[in-house]
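Participant: Supplied in structure tokens, the structure appears directly below.
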Amino acid sequence: MFAKYEECDIIYNMAKTALIAGKEMPAGSKFADGFSLSGRNISITGPELEKHDEDDDSDKIQQISEASGISIVEWNKTSPISSRTIILSTESMFGKMDEAILFFDEEWFASLEQRMNTQECIRGCDELILPYQSLALEVLSRFEQKNSDSHPGILVFLIKETPSNADTLRSPAVRNGISSIASPVVAAAAAAFSAFAENIAALYGNQSYVNIFLVRGDNSIDVSASDVEFGKWLGTYIDSVVESGIDMDAKQSLTWVKAGSKVPSRKIHLPFGKR
């Protein structure tokens with residue numbers, strides 16, 4: 001029994017550990033599966049369990065972790081403290097957190113949208129804007145405490161886009177029945193996510209303890225149309241950038257990468273870390 005757990009600990013410590021937040025379980029399972037194929041342990045957010053369900057589900061979550069390297073962490077999106085807790089839970093499970101993927105799936109959120117009213121606007125701010133900003137700042141703070149220029153953390157802002165109501169008016173062809181149409185609330189939250197991501201990249205892109213990636217995809221791109229393929233590509237892309245020695249300074253970080261893109265072949269040597 002002890003040998004089994006020691007073996008698991010060795011595997012976990014050798015692999016990178018990534019926290020995926022935003023597209024929660026069970027909806028985020030395919031992306032998590034794809035991302036884990038690049039040799040990563042995965043901690044992915046899920047909704048808070050009802051109190052009477054906690055004992056029933058805890059063993060199941062532990063089994064998932066031991067079998068596949070995927071752990072589910074409960075995230076109360078409206079609580080800034082919970083943003084810190086899911087980071088600590090990830091480190092507790094796997095011993096570290098190397099990467100954080102903030103996944104804003106606009107198409108998924110659009111498919112869940114409710115009636116347009118004041119309550120929906122409040123919910124949009126509380127669940128689609130503030131949680132991402134709070135978690136990003138907690139991740140950056142944690143990387144600053146625990147990482148360095150020799151081993152920077154990875155922070156990815158990942159958005160999967162879908163047409164909005166305004167887009168359908170400008171170009172009726174985008175209302176093709178394949179992708180959900182984003183309401184004003186979801187579209188505004190997506191714009192807030194993108195603007196926050198860009199400005200975080202500009203502000204923190206030259207810090208030695210973190211490398212920041214901005215990534216876009218949508219259902220018109222084969223790679224991002226499938227969450228499994230999207231996850232597989234992202235893991236490979238990040239690894240390729242790290243291995244190539246590309247300088248992820250603020251200017252490089254501020255560039256949005258399109259899903260399916262290849263890493264430039266030119267290798268940049270940086271013996272002294274970031275400039």
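Residue numbering restarts at 1 for every chain of the structure tokens, chains are lettered A, B, ... in their displayed order, and ligands are numbered from 1 as they appear.
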Taking the backbone alone, and naming residues the way the document does, which bits of region 110-228 of chain A are strand (DSSP E) by DSSP, as an mmCIF file with all heavy atoms, in the first residue's frame?
Facilitator:
data_model
loop_
_atom_site.group_PDB
_atom_site.id
_atom_site.type_symbol
_atom_site.label_atom_id
_atom_site.label_comp_id
_atom_site.auth_asym_id
_atom_site.auth_seq_id
_atom_site.Cartn_x
_atom_site.Cartn_y
_atom_site.Cartn_z
ATOM 1 N N GLY A 153 6.683 30.521 -13.238
ATOM 2 C CA GLY A 153 5.369 29.924 -13.390
ATOM 3 C C GLY A 153 4.762 30.318 -14.727
ATOM 4 O O GLY A 153 5.220 31.253 -15.381
ATOM 5 N N ILE A 154 3.744 29.598 -15.135
ATOM 6 C CA ILE A 154 3.055 29.863 -16.400
ATOM 7 C C ILE A 154 1.617 30.288 -16.092
ATOM 8 O O ILE A 154 0.892 29.569 -15.405
ATOM 9 C CB ILE A 154 3.026 28.618 -17.302
ATOM 10 C CG1 ILE A 154 4.436 28.119 -17.604
ATOM 11 C CG2 ILE A 154 2.254 28.900 -18.601
ATOM 12 C CD1 ILE A 154 5.247 29.006 -18.498
ATOM 13 N N LEU A 155 1.221 31.451 -16.593
ATOM 14 C CA LEU A 155 -0.157 31.917 -16.450
ATOM 15 C C LEU A 155 -0.735 32.093 -17.851
ATOM 16 O O LEU A 155 -0.202 32.855 -18.664
ATOM 17 C CB LEU A 155 -0.211 33.241 -15.696
ATOM 18 C CG LEU A 155 -1.587 33.928 -15.606
ATOM 19 C CD1 LEU A 155 -2.617 33.022 -14.943
ATOM 20 C CD2 LEU A 155 -1.463 35.253 -14.859
ATOM 21 N N VAL A 156 -1.820 31.363 -18.139
ATOM 22 C CA VAL A 156 -2.441 31.402 -19.459
ATOM 23 C C VAL A 156 -3.857 31.971 -19.332
ATOM 24 O O VAL A 156 -4.664 31.488 -18.538
ATOM 25 C CB VAL A 156 -2.529 29.991 -20.085
ATOM 26 C CG1 VAL A 156 -3.181 30.068 -21.468
ATOM 27 C CG2 VAL A 156 -1.152 29.356 -20.170
ATOM 28 N N PHE A 157 -4.129 33.009 -20.129
ATOM 29 C CA PHE A 157 -5.487 33.506 -20.294
ATOM 30 C C PHE A 157 -6.015 32.921 -21.600
ATOM 31 O O PHE A 157 -5.517 33.249 -22.683
ATOM 32 C CB PHE A 157 -5.513 35.031 -20.357
ATOM 33 C CG PHE A 157 -5.186 35.711 -19.057
ATOM 34 C CD1 PHE A 157 -3.878 36.057 -18.748
ATOM 35 C CD2 PHE A 157 -6.188 36.001 -18.140
ATOM 36 C CE1 PHE A 157 -3.570 36.685 -17.551
ATOM 37 C CE2 PHE A 157 -5.892 36.636 -16.936
ATOM 38 C CZ PHE A 157 -4.582 36.973 -16.644
ATOM 39 N N LEU A 158 -6.985 32.055 -21.494
ATOM 40 C CA LEU A 158 -7.479 31.299 -22.652
ATOM 41 C C LEU A 158 -8.947 31.632 -22.881
ATOM 42 O O LEU A 158 -9.781 31.453 -21.996
ATOM 43 C CB LEU A 158 -7.321 29.807 -22.358
ATOM 44 C CG LEU A 158 -7.787 28.802 -23.411
ATOM 45 C CD1 LEU A 158 -6.887 28.857 -24.633
ATOM 46 C CD2 LEU A 158 -7.789 27.390 -22.829
ATOM 47 N N ILE A 159 -9.261 32.122 -24.073
ATOM 48 C CA ILE A 159 -10.651 32.449 -24.373
ATOM 49 C C ILE A 159 -11.099 31.727 -25.643
ATOM 50 O O ILE A 159 -10.389 31.716 -26.653
ATOM 51 C CB ILE A 159 -10.879 33.972 -24.526
ATOM 52 C CG1 ILE A 159 -12.367 34.271 -24.776
ATOM 53 C CG2 ILE A 159 -9.996 34.573 -25.606
ATOM 54 C CD1 ILE A 159 -12.735 35.730 -24.634
ATOM 55 N N LYS A 160 -12.238 31.075 -25.544
ATOM 56 C CA LYS A 160 -12.863 30.437 -26.691
ATOM 57 C C LYS A 160 -14.074 31.282 -27.059
ATOM 58 O O LYS A 160 -15.051 31.337 -26.317
ATOM 59 C CB LYS A 160 -13.284 29.003 -26.343
ATOM 60 C CG LYS A 160 -13.780 28.198 -27.539
ATOM 61 C CD LYS A 160 -14.024 26.751 -27.129
ATOM 62 C CE LYS A 160 -14.531 25.918 -28.291
ATOM 63 N NZ LYS A 160 -14.763 24.506 -27.899
ATOM 64 N N GLU A 161 -13.992 31.944 -28.207
ATOM 65 C CA GLU A 161 -14.960 32.984 -28.558
ATOM 66 C C GLU A 161 -16.165 32.434 -29.314
ATOM 67 O O GLU A 161 -16.122 31.346 -29.903
ATOM 68 C CB GLU A 161 -14.268 34.059 -29.394
ATOM 69 C CG GLU A 161 -13.136 34.749 -28.641
ATOM 70 C CD GLU A 161 -12.329 35.680 -29.523
ATOM 71 O OE1 GLU A 161 -11.884 35.233 -30.598
ATOM 72 O OE2 GLU A 161 -12.143 36.843 -29.146
ATOM 73 N N VAL A 210 7.268 34.793 -13.790
ATOM 74 C CA VAL A 210 6.083 34.311 -14.506
ATOM 75 C C VAL A 210 6.225 34.546 -16.008
ATOM 76 O O VAL A 210 6.802 35.541 -16.447
ATOM 77 C CB VAL A 210 4.801 35.018 -13.988
ATOM 78 C CG1 VAL A 210 4.849 36.521 -14.249
ATOM 79 C CG2 VAL A 210 3.546 34.400 -14.583
ATOM 80 N N ASN A 211 5.733 33.606 -16.789
ATOM 81 C CA ASN A 211 5.555 33.766 -18.230
ATOM 82 C C ASN A 211 4.051 33.770 -18.511
ATOM 83 O O ASN A 211 3.330 32.896 -18.018
ATOM 84 C CB ASN A 211 6.220 32.631 -19.011
ATOM 85 C CG ASN A 211 7.727 32.756 -19.030
ATOM 86 O OD1 ASN A 211 8.282 33.853 -18.968
ATOM 87 N ND2 ASN A 211 8.415 31.625 -19.108
ATOM 88 N N ILE A 212 3.599 34.744 -19.278
ATOM 89 C CA ILE A 212 2.167 34.919 -19.520
ATOM 90 C C ILE A 212 1.850 34.652 -20.984
ATOM 91 O O ILE A 212 2.530 35.153 -21.881
ATOM 92 C CB ILE A 212 1.719 36.339 -19.118
ATOM 93 C CG1 ILE A 212 1.971 36.565 -17.620
ATOM 94 C CG2 ILE A 212 0.241 36.556 -19.440
ATOM 95 C CD1 ILE A 212 1.686 37.984 -17.144
ATOM 96 N N PHE A 213 0.795 33.860 -21.209
ATOM 97 C CA PHE A 213 0.336 33.532 -22.557
ATOM 98 C C PHE A 213 -1.116 33.995 -22.715
ATOM 99 O O PHE A 213 -1.939 33.756 -21.829
ATOM 100 C CB PHE A 213 0.382 32.025 -22.811
ATOM 101 C CG PHE A 213 1.764 31.431 -22.846
ATOM 102 C CD1 PHE A 213 2.452 31.159 -21.661
ATOM 103 C CD2 PHE A 213 2.377 31.126 -24.045
ATOM 104 C CE1 PHE A 213 3.726 30.611 -21.678
ATOM 105 C CE2 PHE A 213 3.649 30.568 -24.074
ATOM 106 C CZ PHE A 213 4.322 30.307 -22.896
ATOM 107 N N LEU A 214 -1.415 34.617 -23.839
ATOM 108 C CA LEU A 214 -2.784 34.971 -24.207
ATOM 109 C C LEU A 214 -3.163 34.125 -25.416
ATOM 110 O O LEU A 214 -2.474 34.159 -26.447
ATOM 111 C CB LEU A 214 -2.905 36.456 -24.557
ATOM 112 C CG LEU A 214 -2.339 37.471 -23.558
ATOM 113 C CD1 LEU A 214 -2.642 38.900 -24.029
ATOM 114 C CD2 LEU A 214 -2.881 37.241 -22.162
ATOM 115 N N VAL A 215 -4.251 33.371 -25.311
ATOM 116 C CA VAL A 215 -4.621 32.412 -26.360
ATOM 117 C C VAL A 215 -6.089 32.581 -26.737
ATOM 118 O O VAL A 215 -6.947 32.678 -25.847
ATOM 119 C CB VAL A 215 -4.373 30.962 -25.899
ATOM 120 C CG1 VAL A 215 -4.752 29.976 -27.000
ATOM 121 C CG2 VAL A 215 -2.916 30.765 -25.485
ATOM 122 N N ARG A 216 -6.362 32.588 -28.043
ATOM 123 C CA ARG A 216 -7.733 32.677 -28.553
ATOM 124 C C ARG A 216 -8.058 31.478 -29.432
ATOM 125 O O ARG A 216 -7.200 30.964 -30.143
ATOM 126 C CB ARG A 216 -7.926 33.944 -29.403
ATOM 127 C CG ARG A 216 -7.884 35.255 -28.663
ATOM 128 C CD ARG A 216 -8.231 36.402 -29.625
ATOM 129 N NE ARG A 216 -8.123 37.700 -29.007
ATOM 130 C CZ ARG A 216 -9.078 38.287 -28.292
ATOM 131 N NH1 ARG A 216 -10.223 37.642 -28.114
ATOM 132 N NH2 ARG A 216 -8.904 39.484 -27.763
ATOM 133 N N GLY A 217 -9.316 31.071 -29.405
ATOM 134 C CA GLY A 217 -9.811 30.035 -30.296
ATOM 135 C C GLY A 217 -11.305 30.196 -30.470
ATOM 136 O O GLY A 217 -11.949 30.958 -29.749
ATOM 137 N N ASP A 218 -11.868 29.494 -31.441
ATOM 138 C CA ASP A 218 -13.322 29.470 -31.622
ATOM 139 C C ASP A 218 -13.682 28.215 -32.404
ATOM 140 O O ASP A 218 -12.810 27.452 -32.825
ATOM 141 C CB ASP A 218 -13.841 30.742 -32.314
ATOM 142 C CG ASP A 218 -13.226 30.962 -33.695
ATOM 143 O OD1 ASP A 218 -13.344 30.052 -34.554
ATOM 144 O OD2 ASP A 218 -12.634 32.025 -33.934
#
Participant: Hey, which bits of region 117-190 of chain A sit within 9 Å of region 19-30 of chain A, and for each residue what's the closest pair of atoms and how far apart in Å (one decimal), counting only C-alpha atoms, rows by chain and increasing number, as JSON lines?
Facilitator:
{"residue": "A:Leu128", "atom": "CA", "partner": "A:Gly22", "partner_atom": "CA", "distance": 8.5}
{"residue": "A:Pro131", "atom": "CA", "partner": "A:Gly22", "partner_atom": "CA", "distance": 8.5}
{"residue": "A:Tyr132", "atom": "CA", "partner": "A:Gly22", "partner_atom": "CA", "distance": 7.5}
{"residue": "A:Leu135", "atom": "CA", "partner": "A:Ala21", "partner_atom": "CA", "distance": 8.7}
Participant: Can you list every residue in region 72-184 of chain A that DSSP puts in alpha helix (DSSP H), as an NGL selection string?
Facilitator: :A and (80-94 or 106-111 or 118-128 or 130-146 or 165-170 or 184)
Participant: Extract, using only C-alpha atoms, all DNA, RNA and protein residues at most 9 Å from region 200-206 of chain A, discarding same-chain residues fewer than 5 positions from it, and format them as an NGL selection string.
Facilitator: :A and (136 or 140 or 195 or 211-214 or 248-254 or 274-275)
Participant: Go ahead and save the picked residues with C-alpha atoms, as a PDB file, in the first residue's frame.
Facilitator:
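So part20.pdb came out as:
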ATOM      1  CA  ALA A 136      -5.224  35.818 -11.630  1.00  0.00           C
ATOM      2  CA  LEU A 140       0.661  35.981  -9.656  1.00  0.00           C
ATOM      3  CA  ALA A 195      -8.880  43.535 -21.616  1.00  0.00           C
ATOM      4  CA  ASN A 211       5.555  33.766 -18.230  1.00  0.00           C
ATOM      5  CA  ILE A 212       2.167  34.919 -19.520  1.00  0.00           C
ATOM      6  CA  PHE A 213       0.336  33.532 -22.557  1.00  0.00           C
ATOM      7  CA  LEU A 214      -2.784  34.971 -24.207  1.00  0.00           C
ATOM      8  CA  MET A 248       8.461  35.860 -23.005  1.00  0.00           C
ATOM      9  CA  ASP A 249       8.807  39.555 -22.200  1.00  0.00           C
ATOM     10  CA  ALA A 250       5.858  41.948 -21.972  1.00  0.00           C
ATOM     11  CA  LYS A 251       5.755  42.593 -25.719  1.00  0.00           C
ATOM     12  CA  GLN A 252       5.799  38.875 -26.533  1.00  0.00           C
ATOM     13  CA  SER A 253       3.260  38.095 -23.816  1.00  0.00           C
ATOM     14  CA  LEU A 254       0.867  40.738 -25.122  1.00  0.00           C
ATOM     15  CA  LYS A 274      14.512  38.020 -19.065  1.00  0.00           C
ATOM     16  CA  ARG A 275      15.786  41.366 -20.204  1.00  0.00           C
TER      17      ARG A 275
END
